[in-house]
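First comes the structure, then the notes that go with it.
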Amino acid sequence: MTTTVSGPERFKPFAGFGSYPTHHCVTGSLKHVYDFHGYPISEELLFGLGAGLGFVYFHFKGTDPFFGGRANNASPREEGLEKTAGRRTGVAVTSRSTSSTHVAQAELRKVLEAGEPALLYVDMGFLPYFDLPPDYHFGGHVVVAAGYDPPTGRVLIADRDRELHPVDWDVLEAARGSRFRPFPPRHTWYTFDFAGAREPHADDVRAAIDQVCDGMLTPPIGNLGVRGIRKALQETLRWPDVLDAAALRRTCFETALFIDRRGGTGGGIFRYLYARFLGEATVITGESRLGELGSELNAIGDLWEGVAATFAAAAELDDPADLLEPATTPLHEIADREQLVWQSLKALVTG
């Protein structure tokens with residue numbers, strides 16, 4: 001495992017911290033922390049144990065329409081992938097958020113000065129190592145603060161690439177305190193206690209799969225799960241009625257980004273990542289059928305990649321509306337096949 005620091009200034013990460021490419025910002029950051037604490041675990045297993053897979057479509061006023069493949073995002077009603085994965089591996093995960101920049105800075109300094117990595121939610125639009133449009137903001141991004149240099153006030157950031165990125169303290173705090181919708185990070189950070197860390201049990205795996213199946217098959221609202229895929233199909237065809245040409249082009253680009261691997265999904269809107277988790281789940285549980293259903297989910301991921309490619313092509317057209325129907329037509333088959341997969345998995349882990 002190699003560690004490379006980007007930029008002209010060089011300072012080292014915490015002793016024992018290694019950096020490497022990852023698929024998804026949340027599970028990749030968790031893996032960095034788990035590995036640092038001597039508990040190697042795959043990103044796929046963290047994703048599956050954390051019940052991270054789902055589907056969501058929304059279009060809030062003042063924001064672009066959004067396709068997402070994640071579930072179990074921390075909220076008053078949901079524990080969050082980080083804590084769920086921790087609970088199923090014996091790791092005590094603590095989260096904090098604050099509206100006070102002063103408190104956020106002081107608490108992060110305490111953690112970093114103790115030589116401990118911290119998992120941070122940030123708006124990636126403020127991070128200087130990304131090549132993003134000036135007006136782009138996404139506050140649901142997760143990184144690890146992996147080193148701290150008090151004399152220069154710079155923090156080493158581990159992201160999804162191999163390099164570690166030195167970031168000025170004030171820039172990092174702007175990213176942590178961003179108020180841009182729909183995912184303001186609210187200075188949220190996580191710390192970890194590995195005193196009780198353990199290998200996941202077969203029951204942990206079955207419970208995690210069951211949780212995802214429930215979210216996909218019986219969501220509380222129609223914007224989520226398999227119902228959400230079907231809703232997205234209908235709503236996307238209405239985009240030309242509610243978006244101007246620039247917003248429609250931007251939305252097509254962003255939709256492609258959040259389906260394929262560029263947006264941190266691991267490809268196929270997280271379906272490839274979860275399919276590989278099901279392969280690991282086969283080993284833990286001894287249930288070979290999990291791997292077979294993983295193969296089907298992998299094939300569904302291929303369909304999602306086709307959807308992303310068509311949205312990406314639409315974003316390059318003078319009139320993206322010309323490709324909205326071809327982009328969404330595969331969602332009929334995707335919804336039907338996903339429903340069968342989740343029903344089969346549900347029966348397998350609860351029967």
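By order of appearance in the structure tokens: chains A, B, ..., then residues from 1 within every chain, and ligands from 1 in the order shown.
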Query - For Leu46 in chain A: contacts at 9 Å, only C-alpha atoms, fewer than 2 positions along chain excluded, given as a list of chain:residue names - result: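 My list of contacting residues is A:Thr27, A:Gly28, A:Leu30, A:Lys31, A:Ile41, A:Ser42, A:Glu43, A:Glu44, A:Gly48, A:Leu49, A:Gly50, A:Ala51, A:Gly52, A:Leu81, A:Glu82, A:Ala85, A:Gly86, A:Thr89, A:Phe277.
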Okay, now the selection with N, CA and C atoms, as a PDB file, in the first residue's frame?
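The resulting selection31.pdb:
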ATOM      1  N   THR A  27     -18.034   4.509   2.017  1.00  0.00           N
ATOM      2  CA  THR A  27     -17.423   3.218   2.349  1.00  0.00           C
ATOM      3  C   THR A  27     -15.908   3.259   2.166  1.00  0.00           C
ATOM      4  N   GLY A  28     -15.436   4.049   1.206  1.00  0.00           N
ATOM      5  CA  GLY A  28     -14.002   4.196   1.057  1.00  0.00           C
ATOM      6  C   GLY A  28     -13.381   4.871   2.264  1.00  0.00           C
ATOM      7  N   LEU A  30     -14.684   4.868   5.315  1.00  0.00           N
ATOM      8  CA  LEU A  30     -14.761   3.896   6.401  1.00  0.00           C
ATOM      9  C   LEU A  30     -13.634   2.875   6.304  1.00  0.00           C
ATOM     10  N   LYS A  31     -13.361   2.396   5.097  1.00  0.00           N
ATOM     11  CA  LYS A  31     -12.295   1.408   4.937  1.00  0.00           C
ATOM     12  C   LYS A  31     -10.946   1.987   5.353  1.00  0.00           C
ATOM     13  N   ILE A  41     -11.075  -4.705   6.084  1.00  0.00           N
ATOM     14  CA  ILE A  41     -12.384  -5.176   5.649  1.00  0.00           C
ATOM     15  C   ILE A  41     -12.644  -4.557   4.284  1.00  0.00           C
ATOM     16  N   SER A  42     -13.346  -5.263   3.427  1.00  0.00           N
ATOM     17  CA  SER A  42     -13.568  -4.751   2.078  1.00  0.00           C
ATOM     18  C   SER A  42     -14.613  -3.639   2.092  1.00  0.00           C
ATOM     19  N   GLU A  43     -14.476  -2.771   1.103  1.00  0.00           N
ATOM     20  CA  GLU A  43     -15.472  -1.711   0.923  1.00  0.00           C
ATOM     21  C   GLU A  43     -16.845  -2.311   0.645  1.00  0.00           C
ATOM     22  N   GLU A  44     -16.867  -3.403  -0.129  1.00  0.00           N
ATOM     23  CA  GLU A  44     -18.140  -4.056  -0.457  1.00  0.00           C
ATOM     24  C   GLU A  44     -18.848  -4.563   0.793  1.00  0.00           C
ATOM     25  N   GLY A  48     -22.479  -3.388   2.210  1.00  0.00           N
ATOM     26  CA  GLY A  48     -23.595  -4.310   2.437  1.00  0.00           C
ATOM     27  C   GLY A  48     -24.038  -4.349   3.877  1.00  0.00           C
ATOM     28  N   LEU A  49     -23.087  -4.447   4.808  1.00  0.00           N
ATOM     29  CA  LEU A  49     -23.445  -4.473   6.228  1.00  0.00           C
ATOM     30  C   LEU A  49     -24.126  -3.183   6.661  1.00  0.00           C
ATOM     31  N   GLY A  50     -23.753  -2.086   6.009  1.00  0.00           N
ATOM     32  CA  GLY A  50     -24.359  -0.802   6.335  1.00  0.00           C
ATOM     33  C   GLY A  50     -25.686  -0.551   5.644  1.00  0.00           C
ATOM     34  N   ALA A  51     -26.203  -1.558   4.926  1.00  0.00           N
ATOM     35  CA  ALA A  51     -27.493  -1.434   4.223  1.00  0.00           C
ATOM     36  C   ALA A  51     -27.510  -0.181   3.361  1.00  0.00           C
ATOM     37  N   GLY A  52     -26.430  -0.015   2.576  1.00  0.00           N
ATOM     38  CA  GLY A  52     -26.249   1.231   1.856  1.00  0.00           C
ATOM     39  C   GLY A  52     -26.963   1.342   0.532  1.00  0.00           C
ATOM     40  N   LEU A  81     -25.423   4.624   7.316  1.00  0.00           N
ATOM     41  CA  LEU A  81     -24.542   3.523   6.933  1.00  0.00           C
ATOM     42  C   LEU A  81     -23.357   3.380   7.884  1.00  0.00           C
ATOM     43  N   GLU A  82     -22.760   4.506   8.279  1.00  0.00           N
ATOM     44  CA  GLU A  82     -21.564   4.461   9.114  1.00  0.00           C
ATOM     45  C   GLU A  82     -21.837   3.728  10.436  1.00  0.00           C
ATOM     46  N   ALA A  85     -22.980  -0.136   9.815  1.00  0.00           N
ATOM     47  CA  ALA A  85     -21.828  -1.003   9.563  1.00  0.00           C
ATOM     48  C   ALA A  85     -21.015  -1.195  10.835  1.00  0.00           C
ATOM     49  N   GLY A  86     -20.867  -0.142  11.623  1.00  0.00           N
ATOM     50  CA  GLY A  86     -20.152  -0.257  12.886  1.00  0.00           C
ATOM     51  C   GLY A  86     -20.826  -1.219  13.840  1.00  0.00           C
ATOM     52  N   THR A  89     -20.143  -4.766  13.067  1.00  0.00           N
ATOM     53  CA  THR A  89     -18.742  -5.192  13.166  1.00  0.00           C
ATOM     54  C   THR A  89     -18.174  -4.896  14.556  1.00  0.00           C
ATOM     55  N   PHE A 277     -20.742  -7.569  -2.783  1.00  0.00           N
ATOM     56  CA  PHE A 277     -21.057  -7.862  -1.383  1.00  0.00           C
ATOM     57  C   PHE A 277     -21.794  -9.188  -1.262  1.00  0.00           C
TER      58      PHE A 277
END
Query raised in the report: Can you tell me, as a PyMOL selection string, what residues are no more than 10 Å from Phe66 in chain A when counting only C-alpha atoms, ignoring any on the same chain fewer than 5 positions away?
Result: chain A and resi 56-60+182+232+236+251-252+254-255+258
**Report entry** Nearest residue to Gly264 in chain A from the set A:Val33, A:Leu340, A:Val142, A:Ala299 (distances using only C-alpha atoms)
**Finding:**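 Smallest separation from Gly264 in chain A among the options: A:Val142.
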Requested in this report: List every residue of range 63-155 of chain A that DSSP, applied to the backbone of this structure, assigns to helix (DSSP H, G or I), and report them as a count of residues only.
Outcome: 23
Query raised in the report: Which is closest to Arg96 in chain A among A:Lys83, A:Lys12, A:His187, A:Arg179, if we use only C-alpha atoms?
Result: A:His187
Report task. Return the single residue from A:His332, A:Gly196, A:Leu248, A:Tyr190 that is closest to Glu316 in chain A, with distances computed using only C-alpha atoms. Result ->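 Closest candidate: A:Leu248.
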Query - Contact residues around Asp210 in chain A with only C-alpha atoms at 12 Å, ignoring same-chain residues under 2 positions, as a list in words - result: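 Contacts, with the query itself left out: Gly48, Leu49, Gly50, Ala51, Gly52, Leu53, Asp203, Asp204, Val205, Arg206, Ala207, Ala208, Val212, Cys213, Asp214, Gly215, Met216, Leu217, Thr218, Trp342, Gln343, Ser344, Leu345, Lys346, Ala347, Leu348, Val349, Thr350 and Gly351 of chain A.
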Requested in this report: Go through A:Arg77, A:Asp123, A:Val26, A:Thr328 one by one, measure the shortest atom-to-atom distance of each to Ile229 in chain A using only C-alpha atoms, and give the residue with the smallest value.
Outcome: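 Checking each candidate against Ile229 in chain A, we get A:Thr328 as the closest.
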Query - Among the residues A:Arg87, A:His141, A:His102, A:His32, the one that comes closest to Asn73 in chain A [using only C-alpha atoms] - result: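 Ranked by minimum distance to Asn73 in chain A, first place goes to A:His141.
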Requested in this report: Calculate how many Å separate CA of Leu324 in chain A from CA of Phe311 in chain A, rounding to one decimal.
Outcome: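 Between these atoms lies a distance of 7.4 Å.
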